[in-house]
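Worksheet for the structure shown next.
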Amino acid sequence: MQDQLGNQTPIPVFKVDPILVLVFGLITCGLYLIYWNIKVADVLNAVAEKEVISQPIAIFAGCCMPVNIYFYYLAGKEALPKVYERTGELQKDQSTLLIVLGLFFPIGAAMIVQSDINKLYN
Amino acid sequence: MYKVISTNYIINTKVKRKIYGIAGAFITLAIPFVLLLQNGSHHLETDQSFCPFKMLTGFPCPGCGITKSLVYFYEGNLYKSVSYHILGPFVIAFAVLTIVVLTTELITEKEYFHKWLYNRKLAYGLAIFLAAYHIIRLVYFVYENTWISILQQSIWR
């Protein structure tokens, strides 16, 4: 399913309530987060118009802590600023917050990223 | 001029990413080795897991057991290593390969194995395998543990 935002690159639609990310993540014992990583990587790559997060990194991030931290570093440093650019929000570097959350509470980091991505579809 | 700056930026970013990749792979290999040196009295088997999901719920996440798997692989106990996580030995091979390939890429300024590393089918295959393995492991985990013992594996005991 593709969505066209203005005349920019089509962005895959992946709009999920951040609370549901938490709920699904807990119910599936983390399995949902692998799927979530893959889908979010697709969206972020489309927004950045280049491959910021490759599929293997997205998948390994679901099971390997150092890769998970790298995933959130890439998301916060290179992909989310492009999301803010599209949504007209204040440019900010979320990488430190996401890395710390990714280390101690990965679902929390996922909820923040999902919340920012959802603004693309408003 | 802008083109030159942009090209330099891309090259620098690529080099930076490769250095991060080498550092990440090195940390992945080094942490279990340090744990192995500290595991004289075999307390690792009963220690509280540092996985945030395990600490919160008592249930394992898809990556739970990889560190212990690496520790027992270093100890030479392949059976125990695989019993903690089937992908443990694979992680070691992948981390070593990452260090070798990325270091070679930095030295030669060429790129190797990118066809395989960025292969979507391979990545999805791995994801499906990991998901299937995790589901089977969860079923066994619930079957072998009581709710009280699951709770005892979390921080809420």
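As shown in the structure tokens, the chain order sets the letters A, B, ...; within each chain, residues go from 1, and ligands are also counted from 1 in the order they appear.
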(message) With only C-alpha atoms as the counted atoms, please give the residues lying no more than 12 Å from A:Pro18, apart from itself and same-chain residues fewer than 3 positions off, as a VMD selection string.
(response) chain A and resid 14 to 15 21 to 25 36 107 to 119
Residues from the last selection, C-alpha atoms, saved as a PDB file, in the first residue's frame:
ATOM      1  CA  PHE A  14       2.573   2.273   8.482  1.00  0.00           C
ATOM      2  CA  LYS A  15       0.364   4.068  10.957  1.00  0.00           C
ATOM      3  CA  VAL A  21       3.314  -1.089  19.542  1.00  0.00           C
ATOM      4  CA  LEU A  22       3.767  -1.583  23.286  1.00  0.00           C
ATOM      5  CA  VAL A  23       0.864  -4.024  23.556  1.00  0.00           C
ATOM      6  CA  PHE A  24       1.800  -6.093  20.466  1.00  0.00           C
ATOM      7  CA  GLY A  25       5.464  -6.082  21.506  1.00  0.00           C
ATOM      8  CA  TRP A  36       7.943  -3.331  13.229  1.00  0.00           C
ATOM      9  CA  ILE A 107       9.686  -0.674  23.161  1.00  0.00           C
ATOM     10  CA  GLY A 108       9.703   2.907  24.514  1.00  0.00           C
ATOM     11  CA  ALA A 109      12.121   3.964  21.760  1.00  0.00           C
ATOM     12  CA  ALA A 110       9.888   2.214  19.219  1.00  0.00           C
ATOM     13  CA  MET A 111       6.855   4.119  20.546  1.00  0.00           C
ATOM     14  CA  ILE A 112       8.642   7.470  20.085  1.00  0.00           C
ATOM     15  CA  VAL A 113       9.688   6.627  16.514  1.00  0.00           C
ATOM     16  CA  GLN A 114       6.174   5.365  15.705  1.00  0.00           C
ATOM     17  CA  SER A 115       4.629   8.522  17.128  1.00  0.00           C
ATOM     18  CA  ASP A 116       6.883  10.681  14.902  1.00  0.00           C
ATOM     19  CA  ILE A 117       6.172   8.540  11.831  1.00  0.00           C
ATOM     20  CA  ASN A 118       2.413   8.761  12.400  1.00  0.00           C
ATOM     21  CA  LYS A 119       2.631  12.541  11.912  1.00  0.00           C
TER      22      LYS A 119
END
(request) Could you list, as an NGL selection string, the residues of chain B having an atom within 10 Å of chain A when counting only C-alpha atoms? (result) :B and (17 or 20-21 or 23-25 or 27-28 or 50-54 or 56-67 or 91 or 116-124 or 126-128 or 130-132 or 134-135 or 138)
Can I get the selection written as a CSV table (one decimal), in the first residue's frame, with C-alpha atoms?
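Result went into out-v3.csv, see below:
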chain,number,residue,atom,x,y,z
B,17,ARG,CA,29.6,3.6,9.5
B,20,TYR,CA,31.0,1.7,13.9
B,21,GLY,CA,30.3,-1.7,12.4
B,23,ALA,CA,33.4,-1.5,16.9
B,24,GLY,CA,29.9,-3.1,17.2
B,25,ALA,CA,31.1,-6.5,16.1
B,27,ILE,CA,31.9,-5.4,21.4
B,28,THR,CA,29.6,-8.3,20.5
B,50,PHE,CA,19.9,-8.0,31.5
B,51,CYS,CA,17.4,-8.2,28.6
B,52,PRO,CA,14.9,-5.4,29.2
B,53,PHE,CA,12.0,-7.6,28.0
B,54,LYS,CA,13.0,-10.6,30.2
B,56,LEU,CA,10.0,-6.8,32.6
B,57,THR,CA,8.0,-9.9,31.8
B,58,GLY,CA,10.1,-13.0,32.7
B,59,PHE,CA,9.6,-14.3,29.1
B,60,PRO,CA,12.5,-14.5,26.7
B,61,CYS,CA,12.8,-12.1,23.7
B,62,PRO,CA,13.9,-13.3,20.3
B,63,GLY,CA,17.5,-12.5,21.1
B,64,CYS,CA,17.5,-13.8,24.7
B,65,GLY,CA,20.3,-16.3,25.4
B,66,ILE,CA,22.7,-15.1,22.6
B,67,THR,CA,25.2,-13.7,25.1
B,91,VAL,CA,26.6,-14.6,15.6
B,116,TRP,CA,24.5,-10.8,0.1
B,117,LEU,CA,24.6,-8.4,3.0
B,118,TYR,CA,21.7,-6.3,1.5
B,119,ASN,CA,19.8,-9.2,0.1
B,120,ARG,CA,16.1,-8.8,1.0
B,121,LYS,CA,15.2,-12.5,0.4
B,122,LEU,CA,18.0,-13.6,2.7
B,123,ALA,CA,17.0,-11.1,5.3
B,124,TYR,CA,13.3,-12.1,5.2
B,126,LEU,CA,16.4,-15.1,8.5
B,127,ALA,CA,13.4,-13.2,10.0
B,128,ILE,CA,11.0,-16.1,9.3
B,130,LEU,CA,14.0,-16.4,13.8
B,131,ALA,CA,10.2,-16.0,14.3
B,132,ALA,CA,9.6,-19.8,13.9
B,134,HIS,CA,11.2,-18.0,18.9
B,135,ILE,CA,7.6,-19.4,18.8
B,138,LEU,CA,8.3,-19.9,23.8
(request) Please identify which residues in stretch 17-84 of chain A DSSP calls alpha helix (DSSP H) from the backbone, and express them as an MDAnalysis selection string. (result) chainID A and resid 18:27 31:48 55:60 65:74 80:84
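Nearest to B:Phe90 of all the residues B:Thr104, B:Asn77, B:Ser154, B:Ser69 is B:Ser69, based on only C-alpha atoms.
Distances here use only C-alpha atoms; by that measure, the residue among B:Leu87, B:Ala95, B:Trp156, B:Leu151 closest to B:Phe129 is B:Leu87.
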Do a neighbour search on B:Tyr72 at 10 Å with only C-alpha atoms, toss out local chain neighbours closer than 5 positions, and write the hits as a compact mmCIF listing (two decimals) with N, CA and C atoms, in the first residue's frame.
# COMPACT_ATOMS: atom_id res chain seq x y z
N PRO B 32 30.90 -11.24 25.84
CA PRO B 32 30.82 -12.62 26.34
C PRO B 32 32.17 -13.15 26.84
N PHE B 33 33.26 -12.68 26.22
CA PHE B 33 34.58 -13.13 26.65
C PHE B 33 34.89 -12.63 28.06
N LEU B 36 32.89 -14.65 30.41
CA LEU B 36 33.50 -15.98 30.57
C LEU B 36 34.60 -15.93 31.64
N ILE B 66 21.57 -15.22 23.60
CA ILE B 66 22.69 -15.15 22.65
C ILE B 66 24.01 -14.91 23.39
N THR B 67 23.99 -14.01 24.39
CA THR B 67 25.24 -13.73 25.13
C THR B 67 25.73 -14.98 25.83
N ASN B 77 31.78 -25.54 24.86
CA ASN B 77 30.60 -26.39 25.05
C ASN B 77 29.56 -26.05 23.98
N LEU B 78 29.68 -26.68 22.82
CA LEU B 78 28.81 -26.34 21.69
C LEU B 78 27.34 -26.69 21.97
N TYR B 79 27.12 -27.83 22.65
CA TYR B 79 25.74 -28.26 22.93
C TYR B 79 25.02 -27.24 23.80
N LYS B 80 25.71 -26.80 24.86
CA LYS B 80 25.12 -25.82 25.77
C LYS B 80 24.93 -24.47 25.05
N SER B 81 25.90 -24.15 24.21
CA SER B 81 25.84 -22.90 23.45
C SER B 81 24.58 -22.87 22.57
N VAL B 82 24.36 -23.96 21.83
CA VAL B 82 23.19 -24.03 20.93
C VAL B 82 21.89 -24.11 21.74
N SER B 83 21.96 -24.75 22.94
CA SER B 83 20.73 -24.86 23.74
C SER B 83 20.29 -23.49 24.27
N TYR B 84 21.21 -22.57 24.48
CA TYR B 84 20.83 -21.22 24.91
C TYR B 84 20.25 -20.40 23.75
N GLY B 88 23.63 -18.55 18.25
CA GLY B 88 24.84 -18.09 18.95
C GLY B 88 26.11 -18.27 18.13
N PRO B 89 26.42 -19.52 17.71
CA PRO B 89 27.64 -19.72 16.90
C PRO B 89 27.61 -18.92 15.59
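Here the question is which of B:Lys115, B:Ile11, B:Thr46, B:His85 gets nearest to B:Tyr133 using only C-alpha atoms, and that residue is B:His85.
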(request) Apply DSSP to the backbone of this structure and, from chain A, keep only the residues in strand (DSSP E or B); write these as a ChimeraX atom specification. (result) /A:2-3,11-12
Atoms kept (N, CA, C and O atoms) for selection, written as a PDB file, in the first residue's frame:
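Ended up saving to again.pdb:
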ATOM      1  N   GLN A   2       0.669   2.097  -0.947  1.00  0.00           N
ATOM      2  CA  GLN A   2       1.509   3.275  -1.064  1.00  0.00           C
ATOM      3  C   GLN A   2       0.671   4.536  -0.886  1.00  0.00           C
ATOM      4  O   GLN A   2      -0.511   4.581  -1.161  1.00  0.00           O
ATOM      5  N   ASP A   3       1.317   5.539  -0.409  1.00  0.00           N
ATOM      6  CA  ASP A   3       0.633   6.811  -0.224  1.00  0.00           C
ATOM      7  C   ASP A   3       1.489   7.907  -0.832  1.00  0.00           C
ATOM      8  O   ASP A   3       2.691   7.925  -0.677  1.00  0.00           O
ATOM      9  N   ILE A  11       5.452   7.211   0.188  1.00  0.00           N
ATOM     10  CA  ILE A  11       5.890   6.648   1.473  1.00  0.00           C
ATOM     11  C   ILE A  11       4.951   5.514   1.861  1.00  0.00           C
ATOM     12  O   ILE A  11       3.727   5.697   1.860  1.00  0.00           O
ATOM     13  N   PRO A  12       5.491   4.337   2.174  1.00  0.00           N
ATOM     14  CA  PRO A  12       4.613   3.237   2.610  1.00  0.00           C
ATOM     15  C   PRO A  12       3.844   3.648   3.860  1.00  0.00           C
ATOM     16  O   PRO A  12       4.406   4.310   4.735  1.00  0.00           O
TER      17      PRO A  12
END
